[in-house]
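One structure is given here, and the rest of the page talks about it.
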Amino acid sequence: MATVISNERLANGVYHLRVRGDYGGAMGQFYMLRAWGAYPLLSRPLSIHRVNGDGIEFLYHVVGEGTAILAELKPGDSLGLEGPFGNGFPAVSGKVALVGGGIGVAPLYYCAQELPGSDIYLGFSREAYLTEAFRPLAAELTVNVGGYILEDIDFTQYDHVFVCGPQLMLQAAQLKVMSAEAAGRQPKVYLSLENRMACGIGACLVCSVSCRDGKRKACTDGPVFLAEEVVFHG
Ligand code: FES
């Protein structure tokens, strides 16, 4: 069991959890967290927000019973933590844009630490959070509240673009890749999918992702996929 250092509310329904212990992982990987007994049954997948000397940090949005229980955690409380899981984002070089929507900004802080000099784009529907924490890590920081952050980005200016956010945002990013290709540029665009998960280790198929070469699993084949690989439904 891991021990909670702090569990701070950042915005409406958004929390920053710091956990003590020797935990690591790569940017874009995730842990399965559980702070309850038999019910609710499933652990919650949370991507690594930050790793430091004391332990590991996560951001989460309260969307159901599991995350509501996480939000009650106090310093000194115990929780189950398994991981790191998933493939994560690749280590890349060149000009990089990090793009996050809502709670999708969570893994980008770790990416920004690993890829200094990246341009960072953060989009929020109502209320921005953590923008000042990102600022010193960014070559340029763009924040959009209430609009569409992707409209602020010219993909043709970048060699690599990492995108994490809700499905509609990922679909829009996929369309922008096609436009960039039509303009003669081929940025490598990586999407981090926020699929539901249950086991986290490839055993249950809850996290199934449609790809051009067939079904894949977000937990073990992802959660990061090249934009051109994914087939979105709806
Ligand atoms: Fe069980 Fe991916 S969460 S197979």
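If you're wondering about the labels, chains in the structure tokens are A, B, ... by order shown, residues count from 1 in each chain, ligands from 1 in order shown.
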For chain A against ligand 1, with a cut-off of 12 Å and counting only C-alpha atoms and all ligand atoms, what is the closest atom pair and its distance in Å to one decimal for every residue that makes the cut, ordered by chain and number, as JSON lines?
{"residue": "A:Phe30", "atom": "CA", "partner": "ligand 1", "partner_atom_place_in_ligand_line": "3 (S)", "distance": 11.6}
{"residue": "A:Tyr31", "atom": "CA", "partner": "ligand 1", "partner_atom_place_in_ligand_line": "3 (S)", "distance": 11.6}
{"residue": "A:Met32", "atom": "CA", "partner": "ligand 1", "partner_atom_place_in_ligand_line": "3 (S)", "distance": 9.9}
{"residue": "A:Leu42", "atom": "CA", "partner": "ligand 1", "partner_atom_place_in_ligand_line": "3 (S)", "distance": 9.9}
{"residue": "A:Ser43", "atom": "CA", "partner": "ligand 1", "partner_atom_place_in_ligand_line": "3 (S)", "distance": 9.8}
{"residue": "A:Arg44", "atom": "CA", "partner": "ligand 1", "partner_atom_place_in_ligand_line": "3 (S)", "distance": 10.0}
{"residue": "A:Pro45", "atom": "CA", "partner": "ligand 1", "partner_atom_place_in_ligand_line": "3 (S)", "distance": 8.8}
{"residue": "A:Phe85", "atom": "CA", "partner": "ligand 1", "partner_atom_place_in_ligand_line": "2 (Fe)", "distance": 10.2}
{"residue": "A:Gly86", "atom": "CA", "partner": "ligand 1", "partner_atom_place_in_ligand_line": "2 (Fe)", "distance": 9.5}
{"residue": "A:Leu193", "atom": "CA", "partner": "ligand 1", "partner_atom_place_in_ligand_line": "2 (Fe)", "distance": 11.8}
{"residue": "A:Glu194", "atom": "CA", "partner": "ligand 1", "partner_atom_place_in_ligand_line": "3 (S)", "distance": 11.2}
{"residue": "A:Asn195", "atom": "CA", "partner": "ligand 1", "partner_atom_place_in_ligand_line": "3 (S)", "distance": 8.5}
{"residue": "A:Arg196", "atom": "CA", "partner": "ligand 1", "partner_atom_place_in_ligand_line": "3 (S)", "distance": 7.1}
{"residue": "A:Met197", "atom": "CA", "partner": "ligand 1", "partner_atom_place_in_ligand_line": "3 (S)", "distance": 3.8}
{"residue": "A:Ala198", "atom": "CA", "partner": "ligand 1", "partner_atom_place_in_ligand_line": "3 (S)", "distance": 4.3}
{"residue": "A:Cys199", "atom": "CA", "partner": "ligand 1", "partner_atom_place_in_ligand_line": "1 (Fe)", "distance": 4.0}
{"residue": "A:Gly200", "atom": "CA", "partner": "ligand 1", "partner_atom_place_in_ligand_line": "3 (S)", "distance": 4.0}
{"residue": "A:Ile201", "atom": "CA", "partner": "ligand 1", "partner_atom_place_in_ligand_line": "1 (Fe)", "distance": 5.6}
{"residue": "A:Gly202", "atom": "CA", "partner": "ligand 1", "partner_atom_place_in_ligand_line": "4 (S)", "distance": 3.3}
{"residue": "A:Ala203", "atom": "CA", "partner": "ligand 1", "partner_atom_place_in_ligand_line": "4 (S)", "distance": 4.4}
{"residue": "A:Cys204", "atom": "CA", "partner": "ligand 1", "partner_atom_place_in_ligand_line": "1 (Fe)", "distance": 3.8}
{"residue": "A:Leu205", "atom": "CA", "partner": "ligand 1", "partner_atom_place_in_ligand_line": "4 (S)", "distance": 3.8}
{"residue": "A:Val206", "atom": "CA", "partner": "ligand 1", "partner_atom_place_in_ligand_line": "1 (Fe)", "distance": 5.2}
{"residue": "A:Cys207", "atom": "CA", "partner": "ligand 1", "partner_atom_place_in_ligand_line": "2 (Fe)", "distance": 4.4}
{"residue": "A:Ser208", "atom": "CA", "partner": "ligand 1", "partner_atom_place_in_ligand_line": "2 (Fe)", "distance": 6.7}
{"residue": "A:Val209", "atom": "CA", "partner": "ligand 1", "partner_atom_place_in_ligand_line": "2 (Fe)", "distance": 9.4}
{"residue": "A:Lys215", "atom": "CA", "partner": "ligand 1", "partner_atom_place_in_ligand_line": "4 (S)", "distance": 11.2}
{"residue": "A:Arg216", "atom": "CA", "partner": "ligand 1", "partner_atom_place_in_ligand_line": "2 (Fe)", "distance": 9.0}
{"residue": "A:Lys217", "atom": "CA", "partner": "ligand 1", "partner_atom_place_in_ligand_line": "2 (Fe)", "distance": 5.3}
{"residue": "A:Ala218", "atom": "CA", "partner": "ligand 1", "partner_atom_place_in_ligand_line": "2 (Fe)", "distance": 5.7}
{"residue": "A:Cys219", "atom": "CA", "partner": "ligand 1", "partner_atom_place_in_ligand_line": "2 (Fe)", "distance": 4.3}
{"residue": "A:Thr220", "atom": "CA", "partner": "ligand 1", "partner_atom_place_in_ligand_line": "2 (Fe)", "distance": 6.5}
{"residue": "A:Asp221", "atom": "CA", "partner": "ligand 1", "partner_atom_place_in_ligand_line": "2 (Fe)", "distance": 8.8}
{"residue": "A:Gly222", "atom": "CA", "partner": "ligand 1", "partner_atom_place_in_ligand_line": "2 (Fe)", "distance": 9.1}
{"residue": "A:Pro223", "atom": "CA", "partner": "ligand 1", "partner_atom_place_in_ligand_line": "2 (Fe)", "distance": 9.4}
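Those residues of stretch 29-150 of chain A that DSSP, working from the backbone, places in helix (DSSP H, G or I) are Glu65, Gly66, Thr67, Ala68, Ile69, Leu70, Gly102, Ile103, Gly104, Val105, Ala106, Pro107, Leu108, Tyr109, Tyr110, Cys111, Ala112, Gln113, Glu114, Thr131, Glu132, Ala133, Phe134, Arg135, Pro136, Leu137, Ile149 and Leu150 of chain A.
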Contact residues around A:Leu175 with only C-alpha atoms at 10 Å, ignoring same-chain residues under 6 positions, as a list in words: Met169, Glu181, Ala227 and Glu228 of chain A
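Within the 9 Å cut-off around A:Gly147, using only C-alpha atoms and omitting residues fewer than 6 positions from it on the same chain, the listed residues are Gly123, Phe124 and Ser125 of chain A.
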Selection near A:Glu114, 9 Å with only C-alpha atoms, sequence-local residues under 4 positions removed, as a list in words: Met27, Ala91, Tyr109 and Tyr110 of chain A
What would the file look like if the residues just selected were written as an mmCIF file, in the first residue's frame with N, CA, C and O atoms?
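Result file is out37.cif:
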data_model
loop_
_atom_site.group_PDB
_atom_site.id
_atom_site.type_symbol
_atom_site.label_atom_id
_atom_site.label_comp_id
_atom_site.auth_asym_id
_atom_site.auth_seq_id
_atom_site.Cartn_x
_atom_site.Cartn_y
_atom_site.Cartn_z
ATOM 1 N N MET A 27 6.833 8.916 -19.448
ATOM 2 C CA MET A 27 5.758 9.880 -19.729
ATOM 3 C C MET A 27 4.641 9.180 -20.518
ATOM 4 O O MET A 27 4.903 8.434 -21.466
ATOM 5 N N ALA A 91 10.166 8.884 -26.643
ATOM 6 C CA ALA A 91 11.152 9.960 -26.475
ATOM 7 C C ALA A 91 11.460 10.472 -27.878
ATOM 8 O O ALA A 91 11.881 9.696 -28.740
ATOM 9 N N TYR A 109 2.489 17.383 -18.041
ATOM 10 C CA TYR A 109 3.497 18.002 -17.189
ATOM 11 C C TYR A 109 4.777 17.157 -17.205
ATOM 12 O O TYR A 109 5.878 17.682 -17.346
ATOM 13 N N TYR A 110 4.603 15.866 -17.062
ATOM 14 C CA TYR A 110 5.768 14.958 -17.095
ATOM 15 C C TYR A 110 6.433 15.024 -18.477
ATOM 16 O O TYR A 110 7.668 15.045 -18.585
#
